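Below is one structure, written out as structure tokens; comments come after it.
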Amino acid sequence: MVRLADLPDFERSHMLDKLKGLEEFSARPWVKPPPLARCRIAIVSTAGLHARGDRPFGPSATATDYRIIPGDTPAADLVMSHQSVNFDRTGFQEDHNVAFPLDRLNELARDGAIGAVADFHYSFMGAAPIRKIEAKARELAGLLKKDRVDAVLLCPV
Amino acid sequence: MREHTAAMGPPRALWVPFILGRPFGVPGDAAFQHRVLRAVLQLLAAPAGPVLVDYAEEAPAPRAEETEGMACPVSFDRKTDAGDLGAALAREIEELAPWHDLAAKRRSRTTTGLSGMTMEEAAQFVTSYLNSVPASNLNGMSAGEALKIVCDDLRAYYYEAAAAQPGNPDAQAVLYWFWHDTAAGRAFLALQKICLASGDQSLQVLGGNSLVPRAIVHAREH
């Protein structure tokens with residue numbers, strides 16, 4: 001996520017501008033999950049990911065929905081249509097796990113370090129207006145409960 | 001950014017020192033990714049929150065040869081008239097094809113394909129805008145949406161081909177090469193001007209937000 005201090009001035013100003021209004025997120029939810037070895041875990045990304053053939057994410061102002069990524073989606077079918085061109089994509093192009101660590105989670109489940117990997121994972125497009133995502137986020141929370149997910153790995157990009 | 005995470009106060013968060021786009025650090029390094037993943041999953045055992053922990057291990061610094069600029073074995077002629085930009089783009093795509101094929105074979109995947117076009121068709125689509133005779137939109141998308149995913153495909157093609165070349169260029173080297181040494185970069189900069197001047201709002205949004213990185217715009221303005 002880099003350090004703000006390491007960014008050039010123009011980029012730092014852009015990022016600091018995004019702090020405005022975040023104080024509205026005043027809730028501090030807290031849930032105690034089962035022990036990690038019994039946790040069923042899903043990934044929710046903001047990298048604008050989806051399966052090949054799915055509808056690409058549209059312009060930022062409208063892209064408040066999510067895409068479903070089944071747990072058995074082959075790496076070759078994972079693509080990115082995020083609206084921003086201001087982050088590195090070569091890492092994801094080389095290895096999807098650097099942004100969407102599904103293989104790593106599957107390995108942890110195989111080794112018994114976590115209980116299970118969820119059947120479905122999801123991606124939002126993180127440049128969407130943050131407050132307009134709430135309705136879809138709440139809808140997604142319901143789906144995660146139905147998939148018996150104990151913990152969500154929220155992956156930024 | 002750490003500051004944004006602190007302001008929003010999610011239950012458990014791990015700040016990582018990696019470049020944007022690589023939250024799990026190093027592509028192709030499962031052991032490194034596992035260390036990051038274990039660090040964030042361990043936060044589930046925290047007794048109370050919100051918790052914000054800093055991950056200390058940095059990604060390895062690129063080796064000197066990875067940052068020295070790309071010794072691109074494909075020689076792109078930079079002396080290209082604006083009118084020949086479409087032709088130069090088509091030539092580059094053809095010349096990069098063996099490298100892209102190699103990248104796709106090594107990785108068993110490519111991230112191109114959003115538009116459903118071949119790269120040759122994508123180049124023609126972009127060229128139609130450069131020549132002020134824009135092609136029809138795709139599948140009911142707005143002009144901006146269609147042009148955006150075509151450009152995404154072209155950029156992915158170039159980046160994937162670049163990564164297969166000798167020298168193992170790092171992210172910054174690839175970025176510099178694309179925007180300074182390729183007809184595609186010049187085409188995209190020309191497209192940005194066209195989009196920003198367009199009466200089509202979807203193209204204006206594309207030109208303003210999703211064609212040229214802020215770092216490139218800033219470098220060109222200063």
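Every chain in the structure tokens takes a letter, A first, then B, and so on in the order presented; its residues are numbered from 1, and the ligands are numbered from 1 following the presented order.
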
List every residue of chain B that has an atom at most 8 Å from any atom of chain A, giving for each one its closest atom pair and the distance in Å to one decimal, counting only C-alpha atoms, sorted by chain and then by ascending residue number, as JSON lines.
{"residue": "B:Met1", "atom": "CA", "partner": "A:Met1", "partner_atom": "CA", "distance": 5.6}
{"residue": "B:Arg2", "atom": "CA", "partner": "A:Arg3", "partner_atom": "CA", "distance": 7.4}
{"residue": "B:Glu3", "atom": "CA", "partner": "A:Leu19", "partner_atom": "CA", "distance": 7.8}
{"residue": "B:His4", "atom": "CA", "partner": "A:Leu19", "partner_atom": "CA", "distance": 6.1}
{"residue": "B:Ala7", "atom": "CA", "partner": "A:Leu22", "partner_atom": "CA", "distance": 6.0}
{"residue": "B:Met8", "atom": "CA", "partner": "A:Phe25", "partner_atom": "CA", "distance": 5.3}
{"residue": "B:Gly9", "atom": "CA", "partner": "A:Arg28", "partner_atom": "CA", "distance": 6.6}
{"residue": "B:Pro10", "atom": "CA", "partner": "A:Arg28", "partner_atom": "CA", "distance": 6.9}
{"residue": "B:Pro11", "atom": "CA", "partner": "A:Trp30", "partner_atom": "CA", "distance": 6.0}
{"residue": "B:Trp15", "atom": "CA", "partner": "A:Met1", "partner_atom": "CA", "distance": 6.9}
{"residue": "B:Val16", "atom": "CA", "partner": "A:Met1", "partner_atom": "CA", "distance": 5.5}
{"residue": "B:Pro17", "atom": "CA", "partner": "A:Val2", "partner_atom": "CA", "distance": 4.9}
{"residue": "B:Phe18", "atom": "CA", "partner": "A:Met1", "partner_atom": "CA", "distance": 5.2}
{"residue": "B:Ile19", "atom": "CA", "partner": "A:Val2", "partner_atom": "CA", "distance": 5.4}
{"residue": "B:Leu20", "atom": "CA", "partner": "A:Phe87", "partner_atom": "CA", "distance": 5.0}
{"residue": "B:Gly21", "atom": "CA", "partner": "A:Val157", "partner_atom": "CA", "distance": 4.7}
{"residue": "B:Arg22", "atom": "CA", "partner": "A:Val98", "partner_atom": "CA", "distance": 5.4}
{"residue": "B:Pro23", "atom": "CA", "partner": "A:Ala99", "partner_atom": "CA", "distance": 5.7}
{"residue": "B:Phe24", "atom": "CA", "partner": "A:Val98", "partner_atom": "CA", "distance": 4.7}
{"residue": "B:Gly25", "atom": "CA", "partner": "A:Val98", "partner_atom": "CA", "distance": 6.1}
{"residue": "B:Val26", "atom": "CA", "partner": "A:Val98", "partner_atom": "CA", "distance": 6.2}
{"residue": "B:Pro27", "atom": "CA", "partner": "A:Asp95", "partner_atom": "CA", "distance": 5.1}
{"residue": "B:Gly28", "atom": "CA", "partner": "A:Asp95", "partner_atom": "CA", "distance": 5.8}
{"residue": "B:Ala30", "atom": "CA", "partner": "A:Arg104", "partner_atom": "CA", "distance": 7.2}
{"residue": "B:Gln33", "atom": "CA", "partner": "A:Val98", "partner_atom": "CA", "distance": 7.0}
{"residue": "B:His34", "atom": "CA", "partner": "A:Arg104", "partner_atom": "CA", "distance": 6.5}
{"residue": "B:Leu37", "atom": "CA", "partner": "A:Arg104", "partner_atom": "CA", "distance": 7.9}
{"residue": "B:Leu41", "atom": "CA", "partner": "A:Leu36", "partner_atom": "CA", "distance": 7.6}
{"residue": "B:Gln42", "atom": "CA", "partner": "A:Leu36", "partner_atom": "CA", "distance": 7.9}
{"residue": "B:Leu44", "atom": "CA", "partner": "A:Pro33", "partner_atom": "CA", "distance": 6.9}
{"residue": "B:Ala45", "atom": "CA", "partner": "A:Pro35", "partner_atom": "CA", "distance": 7.4}
{"residue": "B:Ala48", "atom": "CA", "partner": "A:Trp30", "partner_atom": "CA", "distance": 7.6}
{"residue": "B:Gly49", "atom": "CA", "partner": "A:Trp30", "partner_atom": "CA", "distance": 6.8}
{"residue": "B:Pro50", "atom": "CA", "partner": "A:Arg28", "partner_atom": "CA", "distance": 6.9}
{"residue": "B:Arg107", "atom": "CA", "partner": "A:Glu94", "partner_atom": "CA", "distance": 6.8}
{"residue": "B:Ser108", "atom": "CA", "partner": "A:Ala76", "partner_atom": "CA", "distance": 6.8}
{"residue": "B:Arg109", "atom": "CA", "partner": "A:Ala76", "partner_atom": "CA", "distance": 4.5}
{"residue": "B:Thr110", "atom": "CA", "partner": "A:Ala76", "partner_atom": "CA", "distance": 6.5}
{"residue": "B:Thr111", "atom": "CA", "partner": "A:Val79", "partner_atom": "CA", "distance": 5.2}
{"residue": "B:Thr112", "atom": "CA", "partner": "A:Val79", "partner_atom": "CA", "distance": 7.6}
{"residue": "B:Gly113", "atom": "CA", "partner": "A:Arg52", "partner_atom": "CA", "distance": 7.5}
{"residue": "B:Leu114", "atom": "CA", "partner": "A:Pro56", "partner_atom": "CA", "distance": 7.1}
{"residue": "B:Glu145", "atom": "CA", "partner": "A:Gly58", "partner_atom": "CA", "distance": 6.4}
{"residue": "B:Ile149", "atom": "CA", "partner": "A:Ser81", "partner_atom": "CA", "distance": 7.2}
{"residue": "B:Asp152", "atom": "CA", "partner": "A:Ser81", "partner_atom": "CA", "distance": 7.5}
{"residue": "B:Ala156", "atom": "CA", "partner": "A:Gln93", "partner_atom": "CA", "distance": 7.7}
{"residue": "B:Tyr159", "atom": "CA", "partner": "A:Thr90", "partner_atom": "CA", "distance": 6.6}
{"residue": "B:Glu160", "atom": "CA", "partner": "A:Gln93", "partner_atom": "CA", "distance": 6.8}
{"residue": "B:Ala163", "atom": "CA", "partner": "A:Thr90", "partner_atom": "CA", "distance": 7.9}
{"residue": "B:Ala171", "atom": "CA", "partner": "A:Thr90", "partner_atom": "CA", "distance": 6.3}
{"residue": "B:Val205", "atom": "CA", "partner": "A:Pro59", "partner_atom": "CA", "distance": 7.7}
{"residue": "B:Leu206", "atom": "CA", "partner": "A:Pro59", "partner_atom": "CA", "distance": 7.9}
{"residue": "B:Asn209", "atom": "CA", "partner": "A:Ser84", "partner_atom": "CA", "distance": 6.8}
{"residue": "B:Ser210", "atom": "CA", "partner": "A:Ser84", "partner_atom": "CA", "distance": 5.4}
{"residue": "B:Leu211", "atom": "CA", "partner": "A:Val85", "partner_atom": "CA", "distance": 6.7}
{"residue": "B:Val212", "atom": "CA", "partner": "A:Val85", "partner_atom": "CA", "distance": 6.6}
{"residue": "B:Pro213", "atom": "CA", "partner": "A:Asn86", "partner_atom": "CA", "distance": 5.1}
{"residue": "B:Arg214", "atom": "CA", "partner": "A:Asn86", "partner_atom": "CA", "distance": 6.6}
{"residue": "B:Ala215", "atom": "CA", "partner": "A:Asn86", "partner_atom": "CA", "distance": 7.7}
{"residue": "B:His218", "atom": "CA", "partner": "A:Phe10", "partner_atom": "CA", "distance": 7.9}

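If you measure from each of B:Asp181, B:Leu14, B:Leu52, B:Asp170 to Val36 (chain B) using only C-alpha atoms, the closest one turns out to be B:Leu14.
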
Give the alpha helix (DSSP H) residues of region 35-175 of chain B, as assigned by DSSP on the backbone, as a ChimeraX atom specification. /B:35-41,64-67,85-107,119-130,143-163,171-175

Determine, counting only C-alpha atoms, which protein, DNA and RNA residues have an atom within 7 Å of an atom of Ala90 (chain B); residues of the same chain fewer than 4 positions away are not included. Present the result as a VMD selection string. chain B and resid 86 94 120 123

Could you save the residues just selected, with C-alpha atoms, as a PDB file, in the first residue's frame?
ATOM      1  CA  GLY B  86      -2.141   3.616 -36.507  1.00  0.00           C
ATOM      2  CA  GLU B  94       2.891  -7.827 -34.882  1.00  0.00           C
ATOM      3  CA  GLU B 120      -5.134  -6.451 -34.643  1.00  0.00           C
ATOM      4  CA  ALA B 123      -5.484  -1.612 -32.992  1.00  0.00           C
TER       5      ALA B 123
END

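CA of Leu102 (chain A) is found 23.5 Å from CA of Ala46 (chain B).
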
Just the residues within 10 Å of Asp65 (chain A), please, counting only C-alpha atoms, with nothing from its chain fewer than 6 positions along; format it as an mmCIF file with N, CA and C atoms, in the first residue's frame.
data_model
loop_
_atom_site.group_PDB
_atom_site.id
_atom_site.type_symbol
_atom_site.label_atom_id
_atom_site.label_comp_id
_atom_site.auth_asym_id
_atom_site.auth_seq_id
_atom_site.Cartn_x
_atom_site.Cartn_y
_atom_site.Cartn_z
ATOM 1 N N PHE A 57 -16.446 -4.122 -15.510
ATOM 2 C CA PHE A 57 -16.922 -3.018 -14.688
ATOM 3 C C PHE A 57 -17.013 -1.758 -15.538
ATOM 4 N N GLY A 58 -18.079 -0.998 -15.323
ATOM 5 C CA GLY A 58 -18.285 0.223 -16.088
ATOM 6 C C GLY A 58 -17.592 1.394 -15.426
ATOM 7 N N SER A 123 -15.632 -9.646 -6.171
ATOM 8 C CA SER A 123 -14.818 -8.449 -6.377
ATOM 9 C C SER A 123 -15.699 -7.259 -6.657
ATOM 10 N N PHE A 124 -15.402 -6.152 -5.962
ATOM 11 C CA PHE A 124 -15.922 -4.847 -6.306
ATOM 12 C C PHE A 124 -14.865 -4.129 -7.148
ATOM 13 N N MET A 125 -15.251 -2.971 -7.645
ATOM 14 C CA MET A 125 -14.290 -2.112 -8.352
ATOM 15 C C MET A 125 -14.072 -0.905 -7.446
ATOM 16 N N ALA A 128 -15.232 2.986 -7.331
ATOM 17 C CA ALA A 128 -16.629 3.409 -7.283
ATOM 18 C C ALA A 128 -16.841 4.316 -6.072
ATOM 19 N N LYS A 132 -21.760 4.638 -2.045
ATOM 20 C CA LYS A 132 -22.824 4.062 -2.871
ATOM 21 C C LYS A 132 -22.707 2.548 -2.971
ATOM 22 N N ILE A 133 -21.638 2.005 -2.399
ATOM 23 C CA ILE A 133 -21.438 0.554 -2.436
ATOM 24 C C ILE A 133 -22.225 -0.135 -1.322
ATOM 25 N N GLU A 134 -22.683 0.633 -0.334
ATOM 26 C CA GLU A 134 -23.231 0.025 0.877
ATOM 27 C C GLU A 134 -24.333 -0.993 0.610
ATOM 28 N N ALA A 135 -25.277 -0.649 -0.256
ATOM 29 C CA ALA A 135 -26.408 -1.556 -0.495
ATOM 30 C C ALA A 135 -25.905 -2.902 -1.017
ATOM 31 N N LYS A 136 -24.990 -2.859 -1.968
ATOM 32 C CA LYS A 136 -24.458 -4.106 -2.520
ATOM 33 C C LYS A 136 -23.591 -4.842 -1.499
ATOM 34 N N ALA A 137 -22.903 -4.092 -0.660
ATOM 35 C CA ALA A 137 -22.077 -4.725 0.375
ATOM 36 C C ALA A 137 -22.957 -5.479 1.367
ATOM 37 N N LEU A 140 -24.149 -8.573 -0.245
ATOM 38 C CA LEU A 140 -23.069 -9.551 -0.277
ATOM 39 C C LEU A 140 -22.878 -10.213 1.088
#

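Reported to one decimal place, the separation of CA of Leu130 (chain B) from CA of Asp84 (chain B) is 10.1 Å.
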